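This report refers to the structure that appears directly beneath it.
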Amino acid sequence: MTADTKLKVLEMKGITKKFGDLSANNNVDFELFRGEIHGLLGENGAGKSTLMNVLYGLYQPTHGDIHVKGKREIIKSPLEAIDLGIGMVHQHFMLTQSHTVTENVLLGLKSKGFFLPFDSAEKKIMDLSKKYGLQVNPKAKIWQISVGEQQRVEIIKALYRDVDILILDEPTSVLSPQEVNSLFATLKSMVKQGLSIIFITHKLDEVMQVSDRITILRDGKVVGNVKTSDTNKEELANMMVGRPLITSFEKGSVEATKNILEIKNVRANNDRNLIALKDISLDIKGGEILGIAGVDGNGQSELAEVLTGLRKMLGGKIILDGKDITKLSTQAIRNLGVAYTPEDRMNIGLILEYSVSENLVLDKFSSSPFSKGLFMNQSEIDKYAKKLVSDFGIRTPSVDVPAKQLSGGNLQKIVLARELSSNPKLIIVHNPTNGLDVGAIEYVHQTLIENRKKGAAILLISTELEEILSLSDRITVLYEGELMGMVPRAEVDIEKLGLMMGGSKLDSISGESKGEQR
């Protein structure tokens with residue numbers, strides 16, 4: 001990867017974008033050279049997506065200029081951006097599941113007649129596929145292909161429109177390790193052939209691995225622009241949040257005790273009444289973090305809901321600290337010492353219109369000392385809430401403000417404070433750092449480790465593989481409702497883990513490895 005520094009294909013000068021009194025971007029400068037991968041790094045809310053939405057014509061800048069290939073341009077829509085050779089692949093794919101790859105690529109293109117040129121389109125797709133190593137079947141329907149292949153379709157959609165500047169928004173969020181490596185190889189091949197790529201991410205490892213240069217945004221401003229070869233993760237994290245971060249944790253050794261949770265042959269359907277969990281069996285000891293990895297949508301939500309009484313089971317048994325809780329209600333399960341931080345903290349974990357104090361006692365407002373008969377004891381609620389705000393470092397003007405006024409990180413702290421304040425036996429956390437900035441992620445990880453030291457059994461369900469590897473004592477993978485095998489953290493092989501995330505069982509992988517050694 002060598003950028004042609006003599007040819008600047010993009011320059012954004014003094015970009016300011018205001019929404020009312022809020023400056024999402026404040027006098028931002030950004031440039032891109034031909035044949036380079038330029039990482040755009042920052043916390044959630046730092047202004048990365050806003051800046052790229054300005055470039056892609058979705059927003060108009062309040063102030064500032066955009067120069068594409070040396071010419072000042074006013075980009076009023078994505079169509080105008082594409083005409084200028086700028087394409088964007090969004091974090092959430094915009095594909096029609098029931099249509100073929102070719103049909104999706106052609107969607108939105110102007111037709112010269114009544115019929116779309118399917119034959120020539122398929123040929124061009126195959127040519128692009130071979131040129132850039134983007135293997136796809138033009139005739140396959142989207143629902144038939146993997147998530148990694150769907151991403152390739154999105155990239156081909158952009159390349160089909162002859163773009164030479166490609167914006168990728170958090171492109172690895174739904175990929176397995178093998179798919180990430182494949183994507184990075186593709187990106188490096190693309191820049192060698194003259195394309196230029198803007199890589200939006202919050203993942204330090206990945207931006208270090210794939211980029212040539214990195215621009216760091218914080219609070220809507222550029223706080224750093226560095227060559228990747230001249231920096232490191234610690235320096236980048238410091239620039240992102242304005243202070244040093246703990247990027248690795250000393251978990252310490254905790255002697256695992258008896259089984260706190262035992263799951264035996266659990267089966268359950270999803271919301272479409274299709275099988276989501278197929279004979280799931282596992283156990284977790286006190287003082288242990290069991291990580292469940294896997295691409296989202298493979299039964300993770302259903303498993304968390306079954307364990308907390310939110311979803312009915314088709315069969316199987318759940319044992320908590322020796323007690324059968326299979327048929328108990330959610331409240332009864334909570335009363336036995338189960339804490340749950342759901343993936344969707346905004347709609348399931350909290351009531352955003354309620355105050356901070358009300359959210360902190362959602363599960364106990366009807367019990368003493370928080371209620372007096374039919375009436376709530378507001379002074380006791382406020383006293384308790386202020387203690388939790390202090391203990392968990394929740395940044396809020398007061399405990400009386402609606403939760404919706406707080407940031408994502410502080411909302412997650414409210415959920416954690418409520419769930420962990422009663423010293424639970426079992427803690428179930430589902431994508432606990434999703435959408436959080438690196439400072440809030442650090443806090444969540446430290447909190448989980450502290451509860452492990454206290455002897456809690458923790459089930460960590462996460463699509464963030466780095467998080468699973470950093471925190472877990474044992475790791476398993478959930479794929480299409482089945483567990484692919486269990487591995488102690490010390491024995492984890494990343495390549496094998498990636499194969500498991502793609503549907504290969506550990507036994508079959510290990511068997512193949514032994515055969516190769518012989």
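Simple scheme: letters A, B, ... for chains in structure tokens order, numbers from 1 for residues in each chain, numbers from 1 for ligands in the order shown.
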
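Every protein or nucleic acid residue with an atom no more than 6 Å from Gly309 in chain A, counting only C-alpha atoms and leaving out same-chain residues fewer than 2 positions away, appears here: Val306, Leu307, Arg311, Ser329 and Thr330 of chain A.
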
Quiz item: Would you give me, as a PyMOL selection string, the residues in range 95-289 of chain A that DSSP reads as alpha helix (DSSP H)?
Solution: chain A and resi 101-106+118-132+147-160+177-192+204-210+233-241

Practice problem: Enumerate the residues of range 177-316 of chain A with a DSSP assignment of strand (DSSP E or B), computed from the backbone, and present them as an MDAnalysis selection string. | Solution: chainID A and resid 196:201 213:218 221:227 259:269 275:285 288:293 315:316

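Residue neighbourhood of range 76-87 of chain A, excluding near-sequence residues (fewer than 6 positions): Leu55, Tyr56, Gly57, Leu58, Tyr59, Gln60, Val68, Ala158, Leu159, Arg161, Asp162, Val163, Asp164, Ile165, Leu166 and Ile167 of chain A, at 8 Å, using only C-alpha atoms.
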
Would you save the residues from that selection as an mmCIF file, in the first residue's frame, using N, CA and C atoms?
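Result file result-v3.cif:
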data_model
loop_
_atom_site.group_PDB
_atom_site.id
_atom_site.type_symbol
_atom_site.label_atom_id
_atom_site.label_comp_id
_atom_site.auth_asym_id
_atom_site.auth_seq_id
_atom_site.Cartn_x
_atom_site.Cartn_y
_atom_site.Cartn_z
ATOM 1 N N LEU A 55 -19.807 14.571 2.836
ATOM 2 C CA LEU A 55 -19.097 14.222 1.606
ATOM 3 C C LEU A 55 -19.991 13.471 0.630
ATOM 4 N N TYR A 56 -20.869 12.630 1.150
ATOM 5 C CA TYR A 56 -21.722 11.797 0.289
ATOM 6 C C TYR A 56 -23.012 12.506 -0.133
ATOM 7 N N GLY A 57 -23.173 13.756 0.276
ATOM 8 C CA GLY A 57 -24.315 14.540 -0.183
ATOM 9 C C GLY A 57 -25.584 14.365 0.619
ATOM 10 N N LEU A 58 -25.502 13.635 1.744
ATOM 11 C CA LEU A 58 -26.689 13.450 2.578
ATOM 12 C C LEU A 58 -26.948 14.677 3.442
ATOM 13 N N TYR A 59 -25.893 15.396 3.815
ATOM 14 C CA TYR A 59 -25.998 16.657 4.540
ATOM 15 C C TYR A 59 -25.289 17.743 3.745
ATOM 16 N N GLN A 60 -25.742 18.994 3.930
ATOM 17 C CA GLN A 60 -25.038 20.132 3.374
ATOM 18 C C GLN A 60 -24.240 20.807 4.484
ATOM 19 N N VAL A 68 -12.924 17.891 -5.112
ATOM 20 C CA VAL A 68 -12.763 16.534 -5.619
ATOM 21 C C VAL A 68 -11.906 16.586 -6.867
ATOM 22 N N ALA A 158 -20.956 -0.219 -5.634
ATOM 23 C CA ALA A 158 -20.267 1.066 -5.756
ATOM 24 C C ALA A 158 -19.307 1.053 -6.945
ATOM 25 N N LEU A 159 -18.508 -0.010 -7.079
ATOM 26 C CA LEU A 159 -17.526 -0.087 -8.158
ATOM 27 C C LEU A 159 -18.195 -0.143 -9.533
ATOM 28 N N ARG A 161 -20.587 1.491 -10.456
ATOM 29 C CA ARG A 161 -20.908 2.878 -10.821
ATOM 30 C C ARG A 161 -19.651 3.701 -11.079
ATOM 31 N N ASP A 162 -18.520 2.991 -11.219
ATOM 32 C CA ASP A 162 -17.238 3.601 -11.598
ATOM 33 C C ASP A 162 -16.726 4.601 -10.575
ATOM 34 N N VAL A 163 -16.910 4.317 -9.288
ATOM 35 C CA VAL A 163 -16.357 5.204 -8.260
ATOM 36 C C VAL A 163 -14.873 4.887 -8.074
ATOM 37 N N ASP A 164 -14.108 5.882 -7.674
ATOM 38 C CA ASP A 164 -12.703 5.652 -7.341
ATOM 39 C C ASP A 164 -12.369 6.142 -5.938
ATOM 40 N N ILE A 165 -13.383 6.653 -5.242
ATOM 41 C CA ILE A 165 -13.261 6.977 -3.813
ATOM 42 C C ILE A 165 -14.352 6.192 -3.090
ATOM 43 N N LEU A 166 -13.951 5.323 -2.170
ATOM 44 C CA LEU A 166 -14.909 4.443 -1.502
ATOM 45 C C LEU A 166 -14.897 4.706 0.001
ATOM 46 N N ILE A 167 -16.066 5.004 0.553
ATOM 47 C CA ILE A 167 -16.222 5.210 1.995
ATOM 48 C C ILE A 167 -16.799 3.932 2.595
#

Considering only C-alpha atoms, return as a compact mmCIF listing (two decimals) with N, CA and C atoms, in the first residue's frame whatever protein or nucleic-acid residues lie within 12 Å of range 220-226 of chain A, sequence-local ones (same chain, fewer than 3 positions apart) excluded.
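Result file follows (part19.txt):
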# COMPACT_ATOMS: atom_id res chain seq x y z
N LYS A 13 -12.16 21.23 3.38
CA LYS A 13 -11.54 22.36 4.08
C LYS A 13 -12.54 23.05 5.00
N GLY A 14 -12.19 23.12 6.28
CA GLY A 14 -12.97 23.91 7.23
C GLY A 14 -14.43 23.50 7.32
N ILE A 15 -14.70 22.19 7.25
CA ILE A 15 -16.09 21.73 7.26
C ILE A 15 -16.71 21.90 8.65
N THR A 16 -17.77 22.66 8.69
CA THR A 16 -18.57 22.83 9.91
C THR A 16 -20.00 22.42 9.58
N LYS A 17 -20.57 21.57 10.41
CA LYS A 17 -21.97 21.17 10.24
C LYS A 17 -22.68 21.35 11.57
N LYS A 18 -23.67 22.23 11.58
CA LYS A 18 -24.42 22.49 12.80
C LYS A 18 -25.84 21.94 12.69
N LEU A 22 -25.88 22.81 18.05
CA LEU A 22 -24.88 21.76 18.19
C LEU A 22 -23.99 21.70 16.95
N SER A 23 -22.68 21.76 17.17
CA SER A 23 -21.71 21.61 16.07
C SER A 23 -21.24 20.16 16.02
N ALA A 24 -21.77 19.39 15.06
CA ALA A 24 -21.35 18.00 14.91
C ALA A 24 -19.96 17.93 14.29
N ASN A 25 -19.65 18.86 13.39
CA ASN A 25 -18.30 19.04 12.84
C ASN A 25 -17.91 20.50 13.01
N ASN A 26 -16.68 20.73 13.46
CA ASN A 26 -16.24 22.09 13.76
C ASN A 26 -14.90 22.36 13.07
N ASN A 27 -14.97 23.00 11.90
CA ASN A 27 -13.78 23.42 11.16
C ASN A 27 -12.85 22.24 10.87
N VAL A 28 -13.43 21.18 10.31
CA VAL A 28 -12.69 19.94 10.05
C VAL A 28 -11.99 19.99 8.70
N ASP A 29 -10.70 19.64 8.69
CA ASP A 29 -9.95 19.45 7.44
C ASP A 29 -9.68 17.96 7.26
N PHE A 30 -9.87 17.48 6.04
CA PHE A 30 -9.62 16.06 5.75
C PHE A 30 -9.19 15.94 4.30
N GLU A 31 -8.18 15.10 4.06
CA GLU A 31 -7.71 14.92 2.69
C GLU A 31 -7.45 13.44 2.42
N LEU A 32 -7.50 13.09 1.14
CA LEU A 32 -7.32 11.71 0.72
C LEU A 32 -6.49 11.69 -0.55
N HIS A 38 -7.29 5.63 4.19
CA HIS A 38 -7.21 6.66 5.23
C HIS A 38 -8.24 6.32 6.30
N GLY A 39 -7.76 5.99 7.50
CA GLY A 39 -8.65 5.66 8.60
C GLY A 39 -9.24 6.91 9.23
N LEU A 40 -10.54 6.88 9.49
CA LEU A 40 -11.22 7.97 10.19
C LEU A 40 -11.68 7.40 11.53
N LEU A 41 -11.02 7.83 12.60
CA LEU A 41 -11.16 7.21 13.91
C LEU A 41 -11.77 8.18 14.90
N GLY A 42 -12.62 7.67 15.78
CA GLY A 42 -13.20 8.52 16.81
C GLY A 42 -14.28 7.77 17.59
N GLU A 43 -14.61 8.33 18.74
CA GLU A 43 -15.67 7.76 19.55
C GLU A 43 -17.02 7.95 18.86
N ASN A 44 -18.04 7.25 19.36
CA ASN A 44 -19.39 7.51 18.88
C ASN A 44 -19.76 8.94 19.24
N GLY A 45 -20.29 9.66 18.26
CA GLY A 45 -20.63 11.06 18.50
C GLY A 45 -19.49 12.02 18.24
N ALA A 46 -18.35 11.50 17.76
CA ALA A 46 -17.20 12.38 17.50
C ALA A 46 -17.36 13.18 16.22
N GLY A 47 -18.28 12.74 15.33
CA GLY A 47 -18.52 13.47 14.09
C GLY A 47 -18.07 12.76 12.83
N LYS A 48 -17.65 11.49 12.95
CA LYS A 48 -17.16 10.75 11.78
C LYS A 48 -18.24 10.58 10.72
N SER A 49 -19.39 10.04 11.15
CA SER A 49 -20.46 9.76 10.18
C SER A 49 -21.02 11.06 9.59
N THR A 50 -21.12 12.10 10.43
CA THR A 50 -21.61 13.38 9.92
C THR A 50 -20.70 13.90 8.82
N LEU A 51 -19.38 13.83 9.04
CA LEU A 51 -18.43 14.32 8.04
C LEU A 51 -18.57 13.55 6.73
N VAL A 207 -7.70 -0.42 12.52
CA VAL A 207 -7.19 0.76 11.83
C VAL A 207 -5.66 0.71 11.74
N MET A 208 -5.01 0.12 12.75
CA MET A 208 -3.57 -0.05 12.70
C MET A 208 -3.17 -1.07 11.64
N SER A 211 -4.76 0.63 7.59
CA SER A 211 -4.69 1.99 7.05
C SER A 211 -3.26 2.45 6.79
N ASP A 212 -3.15 3.50 5.95
CA ASP A 212 -1.87 4.17 5.70
C ASP A 212 -1.74 5.41 6.58
N ARG A 213 -2.84 6.14 6.72
CA ARG A 213 -2.87 7.32 7.58
C ARG A 213 -4.16 7.29 8.39
N ILE A 214 -4.17 8.05 9.49
CA ILE A 214 -5.34 8.07 10.36
C ILE A 214 -5.63 9.51 10.77
N THR A 215 -6.88 9.91 10.62
CA THR A 215 -7.36 11.18 11.16
C THR A 215 -8.26 10.87 12.35
N ILE A 216 -8.01 11.54 13.47
CA ILE A 216 -8.76 11.28 14.70
C ILE A 216 -9.66 12.47 15.00
N LEU A 217 -10.94 12.20 15.22
CA LEU A 217 -11.91 13.23 15.59
C LEU A 217 -12.29 13.07 17.05
N SER A 229 2.24 4.11 10.49
CA SER A 229 3.54 3.53 10.86
C SER A 229 4.23 4.31 11.98
N ASP A 230 3.76 5.54 12.25
CA ASP A 230 4.39 6.37 13.27
C ASP A 230 3.63 6.41 14.59
N THR A 231 2.58 5.59 14.73
CA THR A 231 1.76 5.68 15.94
C THR A 231 1.53 4.29 16.53
N ASN A 232 0.74 4.23 17.61
CA ASN A 232 0.38 2.95 18.23
C ASN A 232 -1.00 3.07 18.84
N GLU A 235 -1.44 5.63 21.83
CA GLU A 235 -1.46 7.04 21.41
C GLU A 235 -2.80 7.39 20.76
N LEU A 236 -3.30 6.49 19.93
CA LEU A 236 -4.59 6.73 19.27
C LEU A 236 -5.72 6.82 20.28
N ALA A 237 -5.73 5.89 21.24
CA ALA A 237 -6.77 5.90 22.27
C ALA A 237 -6.72 7.19 23.08
N ASN A 238 -5.52 7.64 23.38
CA ASN A 238 -5.35 8.89 24.14
C ASN A 238 -5.94 10.07 23.37
N MET A 239 -5.67 10.12 22.06
CA MET A 239 -6.22 11.20 21.25
C MET A 239 -7.74 11.12 21.15
N MET A 240 -8.27 9.90 21.08
CA MET A 240 -9.72 9.72 20.95
C MET A 240 -10.48 10.26 22.15
N VAL A 241 -9.97 10.04 23.35
CA VAL A 241 -10.72 10.39 24.56
C VAL A 241 -10.07 11.48 25.40
N GLY A 242 -8.82 11.86 25.04
CA GLY A 242 -8.18 12.94 25.77
C GLY A 242 -7.50 12.52 27.05

Quiz prompt | Selection near Val136 in chain A, 10 Å with only C-alpha atoms, sequence-local residues under 6 positions removed, as number ranges by chain | solution = A: 101-102, 125-126, 128-130, 145, 149-150, 152-153, 156
